[in-house]
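File shown: protein30.txt (compact mmCIF, C-alpha atoms (C1' of nucleotides)).
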# COMPACT_ATOMS: atom_id res chain seq x y z
CA MET A 1 -21.59 12.64 29.58
CA PHE A 2 -24.15 11.69 26.97
CA GLU A 3 -24.52 14.94 25.08
CA VAL A 4 -22.29 13.87 22.21
CA ILE A 5 -24.03 10.62 21.44
CA ILE A 6 -27.54 11.98 21.89
CA SER A 7 -26.84 14.87 19.56
CA ASN A 8 -25.32 12.43 17.08
CA ILE A 9 -28.45 10.31 17.17
CA LYS A 10 -30.73 13.33 16.85
CA LYS A 11 -28.93 14.31 13.67
CA LYS A 12 -30.21 11.11 12.06
CA VAL A 13 -33.54 10.30 13.72
CA ALA A 14 -36.07 12.33 15.69
CA ILE A 15 -36.19 11.23 19.32
CA ASN A 16 -37.86 12.93 22.24
CA ASP A 17 -36.39 13.57 25.69
CA GLU A 18 -37.99 10.49 27.15
CA GLU A 19 -36.44 8.27 24.52
CA ALA A 20 -33.12 10.01 24.99
CA GLU A 21 -33.21 9.20 28.70
CA LEU A 22 -34.04 5.62 27.96
CA LEU A 23 -31.19 5.26 25.49
CA LYS A 24 -28.67 6.50 28.02
CA THR A 25 -29.42 3.54 30.27
CA PHE A 26 -28.00 1.10 27.76
CA PHE A 27 -24.49 2.50 27.68
CA THR A 28 -21.54 2.03 29.98
CA PRO A 29 -18.90 4.75 30.08
CA LYS A 30 -15.29 3.68 29.87
CA LYS A 31 -12.01 5.54 29.79
CA LEU A 32 -8.84 4.29 28.16
CA ARG A 33 -5.36 5.70 28.48
CA LYS A 34 -3.04 5.98 25.54
CA LYS A 35 -1.95 2.52 24.30
CA GLN A 36 -4.68 0.69 26.23
CA TYR A 37 -6.69 -1.90 24.32
CA LEU A 38 -10.45 -2.10 24.00
CA LEU A 39 -10.13 -5.39 22.14
CA GLN A 40 -7.29 -7.89 21.86
CA GLU A 41 -6.78 -9.94 18.74
CA GLY A 42 -8.33 -13.36 19.29
CA ASP A 43 -10.95 -12.15 21.76
CA VAL A 44 -14.61 -11.71 20.96
CA SER A 45 -15.60 -8.09 20.37
CA HIS A 46 -18.28 -7.90 23.06
CA TYR A 47 -18.82 -4.18 22.69
CA THR A 48 -19.48 -1.60 20.10
CA ALA A 49 -18.06 1.71 21.26
CA PHE A 50 -19.05 5.28 20.63
CA VAL A 51 -16.16 7.72 20.92
CA GLU A 52 -16.91 10.77 23.03
CA LYS A 53 -13.34 11.94 23.16
CA GLY A 54 -10.04 10.68 21.83
CA VAL A 55 -8.84 8.49 18.96
CA LEU A 56 -8.63 4.75 18.46
CA ARG A 57 -7.50 2.44 15.73
CA SER A 58 -8.59 -1.06 14.77
CA PHE A 59 -5.91 -3.15 13.12
CA THR A 60 -4.87 -6.65 12.26
CA ILE A 61 -1.43 -8.25 12.15
CA ASP A 62 -0.46 -10.42 9.19
CA GLU A 63 1.74 -13.50 9.28
CA LYS A 64 4.83 -11.39 8.58
CA GLY A 65 4.08 -9.33 11.67
CA ASN A 66 2.99 -6.21 9.81
CA GLU A 67 0.10 -4.19 11.17
CA HIS A 68 -2.73 -3.11 8.89
CA ILE A 69 -5.09 -0.45 10.15
CA MET A 70 -8.72 -0.91 9.18
CA GLN A 71 -10.22 2.13 10.88
CA PHE A 72 -9.45 5.24 12.85
CA ALA A 73 -12.28 6.38 15.10
CA THR A 74 -12.37 9.92 16.48
CA GLU A 75 -15.02 11.85 18.36
CA ASP A 76 -18.57 11.13 17.20
CA TRP A 77 -17.64 7.81 15.55
CA TRP A 78 -18.38 4.22 16.37
CA ILE A 79 -15.82 1.46 16.47
CA SER A 80 -15.85 -2.32 16.86
CA ASP A 81 -15.10 -5.39 14.86
CA LEU A 82 -18.60 -5.69 13.49
CA TYR A 83 -18.09 -9.28 12.37
CA SER A 84 -16.98 -10.48 15.77
CA PHE A 85 -19.57 -8.35 17.54
CA LEU A 86 -22.45 -9.81 15.56
CA THR A 87 -21.29 -13.43 15.34
CA GLU A 88 -19.48 -13.63 18.68
CA GLU A 89 -16.57 -15.31 16.90
CA PRO A 90 -13.02 -14.35 17.94
CA SER A 91 -11.75 -11.25 16.22
CA ASP A 92 -8.78 -10.90 13.89
CA TYR A 93 -8.55 -7.29 14.96
CA ALA A 94 -7.30 -5.35 17.92
CA ILE A 95 -8.64 -1.97 18.98
CA GLU A 96 -6.27 0.40 20.73
CA ALA A 97 -6.56 3.93 22.09
CA LEU A 98 -4.03 6.32 20.55
CA GLU A 99 -4.81 9.04 23.06
CA GLU A 100 -6.59 9.31 26.37
CA THR A 101 -10.07 8.29 25.26
CA GLU A 102 -13.63 8.34 26.62
CA LEU A 103 -16.06 5.77 25.29
CA LEU A 104 -19.64 4.67 25.66
CA LEU A 105 -19.93 0.91 25.38
CA ILE A 106 -22.88 -1.25 24.51
CA ASN A 107 -22.87 -5.03 24.41
CA LYS A 108 -24.71 -7.20 21.97
CA ASP A 109 -27.75 -7.97 24.11
CA ASP A 110 -28.22 -4.34 25.00
CA TYR A 111 -27.73 -3.40 21.38
CA GLU A 112 -30.64 -5.65 20.46
CA ASN A 113 -32.69 -4.60 23.47
CA MET A 114 -32.15 -0.96 22.74
CA MET A 115 -33.63 -1.42 19.29
CA LEU A 116 -36.61 -3.22 20.77
CA ALA A 117 -37.09 -0.44 23.32
CA VAL A 118 -36.61 2.37 20.81
CA PRO A 119 -37.32 1.04 17.32
CA LYS A 120 -36.09 4.25 15.73
CA MET A 121 -32.62 3.02 16.55
CA GLU A 122 -32.99 0.44 13.80
CA ARG A 123 -33.19 3.36 11.45
CA TYR A 124 -30.30 5.14 13.12
CA PHE A 125 -28.01 2.15 12.77
CA ARG A 126 -29.19 1.47 9.25
CA ILE A 127 -28.24 4.97 8.20
CA LEU A 128 -24.97 4.77 10.06
CA THR A 129 -24.07 1.47 8.46
CA GLN A 130 -25.04 2.69 5.01
CA ASN A 131 -22.68 5.61 5.40
CA SER A 132 -19.86 3.34 6.53
CA LEU A 133 -20.53 1.07 3.59
CA ILE A 134 -20.30 3.98 1.18
CA SER A 135 -17.01 5.11 2.63
CA MET A 136 -15.64 1.56 2.45
CA GLN A 137 -16.65 1.35 -1.19
CA ARG A 138 -14.78 4.55 -1.87
CA ARG A 139 -11.76 3.24 -0.10
CA ILE A 140 -11.72 0.11 -2.27
CA SER A 141 -12.29 2.19 -5.36
CA GLY A 142 -9.36 4.37 -4.40
CA LYS A 143 -7.15 1.36 -3.75
CA MET A 144 -8.00 0.01 -7.20
CA THR A 145 -7.91 3.16 -9.31
CA LEU A 146 -5.51 5.57 -7.64
CA THR A 147 -1.79 5.70 -6.90
CA ALA A 148 -0.46 5.81 -3.35
CA GLU A 149 0.08 9.55 -3.67
CA GLN A 150 -3.47 10.18 -4.84
CA ASN A 151 -4.87 8.16 -1.98
CA TYR A 152 -2.81 10.13 0.49
CA LYS A 153 -4.02 13.41 -0.95
CA LYS A 154 -7.59 12.21 -0.75
CA LEU A 155 -7.13 11.39 2.90
CA MET A 156 -5.63 14.82 3.51
CA GLU A 157 -8.77 16.38 2.10
CA GLN A 158 -11.21 14.10 3.85
CA ARG A 159 -9.69 13.89 7.30
CA PRO A 160 -7.11 16.64 7.67
CA ALA A 161 -7.42 16.72 11.45
CA LEU A 162 -6.57 13.05 11.68
CA LEU A 163 -3.14 13.60 10.16
CA GLN A 164 -2.33 15.97 13.02
CA ARG A 165 -3.24 13.41 15.63
CA VAL A 166 -1.77 10.09 14.58
CA PRO A 167 1.82 9.14 13.73
CA GLN A 168 2.74 9.05 10.10
CA HIS A 169 3.54 5.35 10.01
CA MET A 170 -0.04 4.63 11.07
CA ILE A 171 -1.36 6.76 8.26
CA ALA A 172 0.79 4.67 5.93
CA SER A 173 -0.61 1.50 7.45
CA PHE A 174 -4.17 2.77 6.97
CA LEU A 175 -3.42 3.58 3.34
CA GLY A 176 -1.89 0.15 2.86
CA ILE A 177 1.60 1.36 2.00
CA ALA A 178 4.99 1.08 3.68
CA PRO A 179 6.02 3.91 5.99
CA GLU A 180 9.06 4.58 3.79
CA THR A 181 6.80 5.02 0.81
CA LEU A 182 4.68 7.62 2.57
CA SER A 183 7.78 9.45 3.67
CA ARG A 184 8.96 9.60 0.06
CA ILE A 185 5.57 10.72 -1.19
CA ARG A 186 5.57 13.60 1.26
CA LYS A 187 9.08 14.61 0.28
CA GLN A 188 8.10 14.51 -3.37
CA MET A 189 4.95 16.57 -2.73
CA ALA A 190 6.85 19.18 -0.75
CA SER A 191 9.46 19.70 -3.47
CA SER A 192 7.15 19.71 -6.49
CA LYS A 193 4.75 22.23 -4.97
CA MET B 1 -42.50 -13.44 -9.35
CA PHE B 2 -41.87 -12.31 -5.78
CA GLU B 3 -41.04 -15.62 -4.12
CA VAL B 4 -37.30 -15.02 -4.12
CA ILE B 5 -37.35 -11.64 -2.49
CA ILE B 6 -40.02 -12.51 0.07
CA SER B 7 -38.15 -15.60 1.13
CA ASN B 8 -34.98 -13.54 1.36
CA ILE B 9 -36.70 -11.04 3.62
CA LYS B 10 -38.23 -13.76 5.76
CA LYS B 11 -34.77 -15.15 6.41
CA LYS B 12 -33.89 -11.94 8.23
CA VAL B 13 -37.13 -10.60 9.74
CA ALA B 14 -40.47 -12.16 10.60
CA ILE B 15 -43.23 -10.83 8.37
CA ASN B 16 -46.77 -12.12 7.96
CA ASP B 17 -48.61 -12.71 4.70
CA GLU B 18 -50.34 -9.37 4.84
CA GLU B 19 -47.05 -7.53 5.14
CA ALA B 20 -45.60 -9.63 2.37
CA GLU B 21 -48.44 -8.60 0.07
CA LEU B 22 -47.92 -4.99 0.97
CA LEU B 23 -44.21 -5.16 0.26
CA LYS B 24 -44.80 -6.54 -3.20
CA THR B 25 -46.62 -3.37 -4.20
CA PHE B 26 -43.49 -1.30 -3.89
CA PHE B 27 -41.46 -3.14 -6.50
CA THR B 28 -41.37 -2.89 -10.26
CA PRO B 29 -40.19 -5.93 -12.21
CA LYS B 30 -37.68 -5.34 -14.96
CA LYS B 31 -35.84 -7.60 -17.36
CA LEU B 32 -32.48 -6.87 -18.88
CA ARG B 33 -30.80 -8.69 -21.70
CA LYS B 34 -27.11 -9.44 -21.68
CA LYS B 35 -25.04 -6.23 -21.96
CA GLN B 36 -27.96 -3.95 -21.14
CA TYR B 37 -27.39 -1.26 -18.55
CA LEU B 38 -29.40 -0.61 -15.43
CA LEU B 39 -27.33 2.49 -14.73
CA GLN B 40 -25.05 4.58 -16.91
CA GLU B 41 -22.03 6.36 -15.50
CA GLY B 42 -22.98 9.99 -14.86
CA ASP B 43 -26.67 9.29 -14.27
CA VAL B 44 -28.35 9.24 -10.89
CA SER B 45 -28.95 5.75 -9.52
CA HIS B 46 -32.72 6.07 -9.10
CA TYR B 47 -33.23 2.44 -8.21
CA THR B 48 -31.95 -0.20 -5.94
CA ALA B 49 -32.40 -3.59 -7.55
CA PHE B 50 -32.99 -7.04 -6.18
CA VAL B 51 -31.76 -9.81 -8.47
CA GLU B 52 -34.26 -12.60 -9.01
CA LYS B 53 -32.31 -14.20 -11.82
CA GLY B 54 -29.10 -13.45 -13.64
CA VAL B 55 -25.84 -11.61 -12.92
CA LEU B 56 -24.85 -7.96 -13.00
CA ARG B 57 -21.73 -6.00 -12.31
CA SER B 58 -21.20 -2.46 -11.09
CA PHE B 59 -18.01 -0.84 -12.27
CA THR B 60 -16.24 2.45 -12.77
CA ILE B 61 -13.86 3.59 -15.47
CA ASP B 62 -10.68 5.41 -14.54
CA GLU B 63 -9.01 8.21 -16.51
CA LYS B 64 -6.85 5.69 -18.37
CA GLY B 65 -9.98 3.94 -19.58
CA ASN B 66 -9.59 0.86 -17.38
CA GLU B 67 -12.67 -0.70 -15.84
CA HIS B 68 -12.75 -1.56 -12.15
CA ILE B 69 -15.52 -3.80 -10.90
CA MET B 70 -16.94 -2.94 -7.49
CA GLN B 71 -19.56 -5.66 -7.20
CA PHE B 72 -21.04 -8.72 -8.84
CA ALA B 73 -24.68 -9.34 -7.96
CA THR B 74 -26.26 -12.75 -8.52
CA GLU B 75 -29.59 -14.22 -7.51
CA ASP B 76 -30.75 -13.11 -4.08
CA TRP B 77 -28.48 -10.04 -3.97
CA TRP B 78 -29.12 -6.35 -4.10
CA ILE B 79 -27.27 -3.93 -6.34
CA SER B 80 -27.11 -0.16 -6.79
CA ASP B 81 -24.70 2.67 -6.34
CA LEU B 82 -25.74 3.33 -2.77
CA TYR B 83 -24.09 6.73 -2.68
CA SER B 84 -25.90 8.00 -5.74
CA PHE B 85 -29.14 6.33 -4.69
CA LEU B 86 -29.17 8.02 -1.31
CA THR B 87 -27.84 11.43 -2.29
CA GLU B 88 -29.31 11.61 -5.79
CA GLU B 89 -25.92 12.79 -7.05
CA PRO B 90 -24.67 11.47 -10.41
CA SER B 91 -22.96 8.12 -10.13
CA ASP B 92 -19.36 7.26 -10.97
CA TYR B 93 -20.52 3.73 -11.60
CA ALA B 94 -22.30 1.82 -14.31
CA ILE B 95 -24.40 -1.29 -13.71
CA GLU B 96 -24.62 -3.82 -16.51
CA ALA B 97 -26.29 -7.19 -16.92
CA LEU B 98 -23.86 -9.96 -17.79
CA GLU B 99 -26.65 -12.41 -18.59
CA GLU B 100 -30.35 -12.22 -19.22
CA THR B 101 -31.51 -10.85 -15.90
CA GLU B 102 -34.73 -10.36 -13.95
CA LEU B 103 -34.86 -7.60 -11.38
CA LEU B 104 -37.20 -6.03 -8.89
CA LEU B 105 -36.66 -2.28 -8.73
CA ILE B 106 -37.50 0.16 -6.01
CA ASN B 107 -36.95 3.91 -6.18
CA LYS B 108 -35.87 6.13 -3.35
CA ASP B 109 -39.32 7.42 -2.37
CA ASP B 110 -40.75 3.95 -2.33
CA TYR B 111 -37.76 2.71 -0.42
CA GLU B 112 -38.52 5.25 2.31
CA ASN B 113 -42.27 4.66 2.09
CA MET B 114 -41.84 0.95 2.33
CA MET B 115 -39.99 1.35 5.61
CA LEU B 116 -42.74 3.63 6.91
CA ALA B 117 -45.38 1.11 5.88
CA VAL B 118 -43.49 -1.90 7.22
CA PRO B 119 -41.05 -0.73 9.87
CA LYS B 120 -39.49 -4.16 10.10
CA MET B 121 -37.84 -3.33 6.81
CA GLU B 122 -35.59 -0.91 8.65
CA ARG B 123 -34.26 -3.92 10.44
CA TYR B 124 -34.01 -5.94 7.26
CA PHE B 125 -31.96 -3.29 5.50
CA ARG B 126 -29.85 -2.69 8.57
CA ILE B 127 -28.89 -6.34 8.71
CA LEU B 128 -28.30 -6.45 4.98
CA THR B 129 -26.10 -3.39 5.08
CA GLN B 130 -24.16 -4.68 8.06
CA ASN B 131 -23.38 -7.85 6.16
CA SER B 132 -22.25 -5.90 3.12
CA LEU B 133 -20.07 -3.76 5.33
CA ILE B 134 -18.43 -6.81 6.82
CA SER B 135 -17.68 -8.28 3.43
CA MET B 136 -16.26 -4.94 2.24
CA GLN B 137 -14.01 -4.81 5.27
CA ARG B 138 -12.75 -8.28 4.45
CA ARG B 139 -12.11 -7.26 0.90
CA ILE B 140 -10.02 -4.30 2.02
CA SER B 141 -8.20 -6.46 4.52
CA GLY B 142 -7.42 -8.92 1.77
CA LYS B 143 -6.19 -6.18 -0.54
CA MET B 144 -3.88 -4.95 2.19
CA THR B 145 -2.54 -8.20 3.59
CA LEU B 146 -2.67 -10.80 0.83
CA THR B 147 -1.00 -11.35 -2.54
CA ALA B 148 -2.96 -11.41 -5.79
CA GLU B 149 -2.87 -15.20 -5.79
CA GLN B 150 -4.19 -15.46 -2.24
CA ASN B 151 -7.03 -13.09 -3.04
CA TYR B 152 -7.94 -15.16 -6.07
CA LYS B 153 -7.97 -18.34 -4.03
CA LYS B 154 -10.16 -16.69 -1.42
CA LEU B 155 -12.63 -15.71 -4.11
CA MET B 156 -12.61 -19.26 -5.46
CA GLU B 157 -13.62 -20.49 -2.02
CA GLN B 158 -16.20 -17.83 -1.34
CA ARG B 159 -17.95 -17.60 -4.67
CA PRO B 160 -17.00 -20.62 -6.78
CA ALA B 161 -20.16 -20.42 -8.87
CA LEU B 162 -19.36 -16.89 -9.90
CA LEU B 163 -16.14 -17.95 -11.62
CA GLN B 164 -18.17 -20.22 -13.88
CA ARG B 165 -20.45 -17.41 -14.95
CA VAL B 166 -18.32 -14.38 -15.64
CA PRO B 167 -15.36 -13.92 -17.99
CA GLN B 168 -11.93 -14.18 -16.46
CA HIS B 169 -10.88 -10.63 -17.23
CA MET B 170 -13.80 -9.40 -15.14
CA ILE B 171 -12.68 -11.53 -12.22
CA ALA B 172 -9.30 -9.87 -12.59
CA SER B 173 -10.94 -6.47 -12.62
CA PHE B 174 -12.89 -7.31 -9.47
CA LEU B 175 -9.70 -8.42 -7.76
CA GLY B 176 -7.96 -5.25 -8.85
CA ILE B 177 -5.31 -6.95 -10.98
CA ALA B 178 -4.53 -7.00 -14.71
CA PRO B 179 -6.08 -9.80 -16.77
CA GLU B 180 -2.61 -10.98 -17.77
CA THR B 181 -1.68 -11.30 -14.12
CA LEU B 182 -4.69 -13.48 -13.39
CA SER B 183 -3.89 -15.64 -16.38
CA ARG B 184 -0.36 -16.17 -15.07
CA ILE B 185 -1.59 -16.89 -11.56
CA ARG B 186 -3.87 -19.60 -12.90
CA LYS B 187 -1.09 -21.11 -14.98
CA GLN B 188 1.17 -21.10 -11.97
CA MET B 189 -1.50 -22.69 -9.77
CA ALA B 190 -2.21 -25.40 -12.31
CA SER B 191 1.44 -26.41 -12.65
CA SER B 192 2.40 -26.29 -8.97
CA LYS B 193 -0.56 -28.42 -7.89
C1' DC C 1 -14.09 -20.64 -43.16
C1' DG C 2 -12.93 -16.43 -41.36
C1' DC C 3 -13.82 -12.99 -37.92
C1' DG C 4 -13.41 -11.27 -33.21
C1' DG C 5 -13.47 -11.41 -28.28
C1' DG C 6 -11.06 -13.44 -24.73
C1' DT C 7 -6.97 -15.60 -23.05
C1' DT C 8 -2.14 -16.63 -23.12
C1' DT C 9 2.72 -15.67 -23.55
C1' DG C 10 6.87 -12.87 -23.65
C1' DA C 11 9.68 -8.80 -22.83
C1' DT C 12 10.13 -4.69 -20.44
C1' DG C 13 9.21 -1.23 -16.99
C1' DA C 14 7.02 1.19 -12.99
C1' DT C 15 5.54 1.27 -8.47
C1' DG C 16 6.11 0.32 -4.08
C1' DC C 17 8.54 -3.08 -0.66
C1' DT C 18 12.52 -4.67 2.05
C1' DC C 19 16.57 -4.15 4.49
C1' DA C 20 19.91 -1.27 6.48
C1' DA C 21 21.76 2.84 8.16
C1' DG C 22 21.56 7.50 9.69
C1' DC C 23 19.11 11.43 11.58
C1' DC C 24 16.07 14.22 14.37
C1' DC C 25 13.88 15.32 18.49
C1' DG C 26 11.61 14.90 22.81
C1' DG C 27 11.75 12.72 27.23
C1' DT C 28 14.36 10.91 31.21
C1' DG C 29 17.66 10.39 34.59
C1' DG C 30 22.06 11.52 36.40
C1' DC D 1 21.10 21.35 32.77
C1' DC D 2 22.93 18.30 29.79
C1' DA D 3 23.94 13.70 27.95
C1' DC D 4 21.83 9.81 26.51
C1' DC D 5 18.32 6.87 24.88
C1' DG D 6 14.77 5.45 21.82
C1' DG D 7 10.98 5.94 18.68
C1' DG D 8 9.78 7.69 14.53
C1' DC D 9 11.06 9.58 10.31
C1' DT D 10 14.20 9.81 6.35
C1' DT D 11 17.35 8.22 2.85
C1' DG D 12 19.56 4.89 -0.14
C1' DA D 13 20.20 0.62 -2.80
C1' DG D 14 18.42 -3.45 -4.53
C1' DC D 15 14.44 -6.24 -5.39
C1' DA D 16 9.68 -8.30 -6.02
C1' DT D 17 5.33 -7.93 -7.74
C1' DC D 18 2.42 -6.62 -10.85
C1' DA D 19 1.32 -3.47 -14.99
C1' DT D 20 1.96 -2.47 -19.72
C1' DC D 21 2.49 -3.31 -24.49
C1' DA D 22 2.57 -6.31 -28.26
C1' DA D 23 1.84 -10.47 -30.54
C1' DA D 24 0.09 -15.01 -30.99
C1' DC D 25 -3.34 -18.24 -30.08
C1' DC D 26 -7.82 -20.39 -29.26
C1' DC D 27 -12.42 -21.18 -30.19
C1' DG D 28 -17.30 -20.25 -30.75
C1' DC D 29 -20.32 -18.10 -33.98
C1' DG D 30 -22.01 -16.09 -38.02
Output the file's structure as structure tokens, nothing else.
Amino acid sequence: MFEVIISNIKKKVAINDEEAELLKTFFTPKKLRKKQYLLQEGDVSHYTAFVEKGVLRSFTIDEKGNEHIMQFATEDWWISDLYSFLTEEPSDYAIEALEETELLLINKDDYENMMLAVPKMERYFRILTQNSLISMQRRISGKMTLTAEQNYKKLMEQRPALLQRVPQHMIASFLGIAPETLSRIRKQMASSK
Amino acid sequence: MFEVIISNIKKKVAINDEEAELLKTFFTPKKLRKKQYLLQEGDVSHYTAFVEKGVLRSFTIDEKGNEHIMQFATEDWWISDLYSFLTEEPSDYAIEALEETELLLINKDDYENMMLAVPKMERYFRILTQNSLISMQRRISGKMTLTAEQNYKKLMEQRPALLQRVPQHMIASFLGIAPETLSRIRKQMASSK
DNA sequence: CGCGGGTTTGATGATGCTCAAGCCCGGTGG
DNA sequence: CCACCGGGCTTGAGCATCATCAAACCCGCG
């Protein structure tokens, strides 16, 4: 059950078996079927979730009714609306399973308590958050400097497996372009290659 | 000299006077005049900098020669190219002072040593990074869901002082729009109000 | 007083969006 | 087993937003 997360943590900080056992006590397993929600827009994001198996997306809906995907989380990733989780304000985002998914949940109190119990986890989450921040910066950079086609190609390189698992219109939504545009880009790429 | 940074740290984690004194030893003060660079594109970002006074920007230049601003840092903020700082790979970014600026620098070894010496700093940087991550997510969200004008208005609300301190074409660059577009947005806003 | 960076204005064009229709394919029920 | 349904993808035409290029303007500074 906990092998994935423990091995993920061990990749970033050195913990012994005793600490590993202790960490396990803070998490609650949860399964979601395809299309089930971990978080509804407007609710507080009470949990941060580690993905053991499956895929989820976090997304927001604008006033025109269009969905915009902020994040895809696959195995070995974390997902939540960090803002809502930390402030306990209602979230603008929803989080939905795109496949049958197995999660480990932790709520805010346990998140804090876990770091008190095992201070190395401060370091773990710092490193994790730094890496997320770097990838967000690159995403903004890409949005500002590259064309839609270049951003799509970059995603193909960085997360090829993802493209096999999620529908194309969601990839478009993640890239911030219309589904028709992505369709045309792919057509264009297929012909010119 | 160190009042600003120590008070910033104390806002996030509880440290005593002894720890505060210890922390001070890790930083090197540095002054930059207007237009001086802390980091040149292509160099490794050896330092993370805390801004005691002044303003800086980090930006990248695309193949067409256009600048794109990733971050403005004013008093009480940190700035670096986190990716380059952590990996010691050459940076795609440059960091430039926009005014006479006073910084406190820390290099990567001291950054790590400081956290060993004062473990609470893990927590400090975790919280800091989480907040940056949240603001990055909001920036992406804005880029995806809002018009140029709405993003400009949001920036006016969030960082009004900044608009008084940096040239308009840099605001445009930060927003990811052409300077002419920002000029027209402002004209439009002035007339319709 | 003139230079130069920054901003404005205008004309034109590219990129990607919107709306609408058709197509493809897999799943479901008769 | 096949017809039908529906979601997702594609295609087309027209359009909106913003970029580009060029020129004029403004104003602070030497």
Counting all atoms listed in the file, which residues of chain D come no farther than 10 Å from chain A, as a PDB file with C-alpha atoms (C1' of nucleotides), in the coordinates of the input?
ATOM      1  C1'  DG D   8       9.780   7.690  14.530  1.00  0.00           C
ATOM      2  C1'  DC D   9      11.060   9.580  10.310  1.00  0.00           C
ATOM      3  C1'  DT D  10      14.200   9.810   6.350  1.00  0.00           C
ATOM      4  C1'  DT D  11      17.350   8.220   2.850  1.00  0.00           C
TER       5       DT D  11
END
Next item on the list: Starting from chain C, keep only residues with some atom at most 12 Å from an atom of chain B, counting all atoms listed in the file, and report them as a PyMOL selection string.
Entry: chain C and resi 5-10
Notebook entry, point to check: Mind listing as a count of residues only which residues of chain A are within 8 Å of chain B, counting all atoms listed in the file?
Noted result: 22
Notebook entry, point to check: B:Phe50, B:Phe26, B:Phe2, B:Tyr37: which is nearest Leu103 of chain B, counting all atoms listed in the file?
Noted result: B:Phe50
Next item on the list: Report the distance between atom CA of Leu32 of chain B and atom CA of Thr101 of chain B in Å, rounded to one decimal place.
Entry: 5.1 Å
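Note that the spacing between atom CA of Leu98 of chain B and atom CA of Lys35 of chain B amounts to 5.7 Å.
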Once N, CA and C atoms are restored for segment 174-189 of chain B, what would the output be as an mmCIF file, in the coordinates of the input?
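To be explicit, this is the file written out as selection.cif:
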data_model
loop_
_atom_site.group_PDB
_atom_site.id
_atom_site.type_symbol
_atom_site.label_atom_id
_atom_site.label_comp_id
_atom_site.auth_asym_id
_atom_site.auth_seq_id
_atom_site.Cartn_x
_atom_site.Cartn_y
_atom_site.Cartn_z
ATOM 1 N N PHE B 174 -12.318 -7.311 -10.819
ATOM 2 C CA PHE B 174 -12.890 -7.310 -9.470
ATOM 3 C C PHE B 174 -11.799 -7.421 -8.412
ATOM 4 N N LEU B 175 -10.797 -8.231 -8.712
ATOM 5 C CA LEU B 175 -9.700 -8.420 -7.760
ATOM 6 C C LEU B 175 -8.729 -7.244 -7.768
ATOM 7 N N GLY B 176 -8.863 -6.392 -8.766
ATOM 8 C CA GLY B 176 -7.960 -5.250 -8.850
ATOM 9 C C GLY B 176 -6.606 -5.603 -9.427
ATOM 10 N N ILE B 177 -6.570 -6.588 -10.332
ATOM 11 C CA ILE B 177 -5.310 -6.950 -10.980
ATOM 12 C C ILE B 177 -5.520 -6.978 -12.494
ATOM 13 N N ALA B 178 -4.437 -6.973 -13.248
ATOM 14 C CA ALA B 178 -4.530 -7.000 -14.710
ATOM 15 C C ALA B 178 -4.938 -8.393 -15.168
ATOM 16 N N PRO B 179 -5.663 -8.488 -16.266
ATOM 17 C CA PRO B 179 -6.080 -9.800 -16.770
ATOM 18 C C PRO B 179 -4.896 -10.725 -17.051
ATOM 19 N N GLU B 180 -3.816 -10.162 -17.525
ATOM 20 C CA GLU B 180 -2.610 -10.980 -17.770
ATOM 21 C C GLU B 180 -2.094 -11.588 -16.469
ATOM 22 N N THR B 181 -2.161 -10.797 -15.413
ATOM 23 C CA THR B 181 -1.680 -11.300 -14.120
ATOM 24 C C THR B 181 -2.522 -12.482 -13.656
ATOM 25 N N LEU B 182 -3.834 -12.370 -13.806
ATOM 26 C CA LEU B 182 -4.690 -13.480 -13.390
ATOM 27 C C LEU B 182 -4.401 -14.722 -14.224
ATOM 28 N N SER B 183 -4.213 -14.518 -15.501
ATOM 29 C CA SER B 183 -3.890 -15.640 -16.380
ATOM 30 C C SER B 183 -2.614 -16.353 -15.899
ATOM 31 N N ARG B 184 -1.624 -15.584 -15.544
ATOM 32 C CA ARG B 184 -0.360 -16.170 -15.070
ATOM 33 C C ARG B 184 -0.521 -16.853 -13.720
ATOM 34 N N ILE B 185 -1.342 -16.273 -12.865
ATOM 35 C CA ILE B 185 -1.590 -16.890 -11.560
ATOM 36 C C ILE B 185 -2.225 -18.271 -11.754
ATOM 37 N N ARG B 186 -3.178 -18.333 -12.656
ATOM 38 C CA ARG B 186 -3.870 -19.600 -12.900
ATOM 39 C C ARG B 186 -2.919 -20.650 -13.474
ATOM 40 N N LYS B 187 -2.073 -20.199 -14.388
ATOM 41 C CA LYS B 187 -1.090 -21.110 -14.980
ATOM 42 C C LYS B 187 -0.189 -21.679 -13.893
ATOM 43 N N GLN B 188 0.303 -20.775 -13.100
ATOM 44 C CA GLN B 188 1.170 -21.100 -11.970
ATOM 45 C C GLN B 188 0.499 -22.075 -10.991
ATOM 46 N N MET B 189 -0.771 -21.817 -10.688
ATOM 47 C CA MET B 189 -1.500 -22.690 -9.770
ATOM 48 C C MET B 189 -1.693 -24.083 -10.355
#
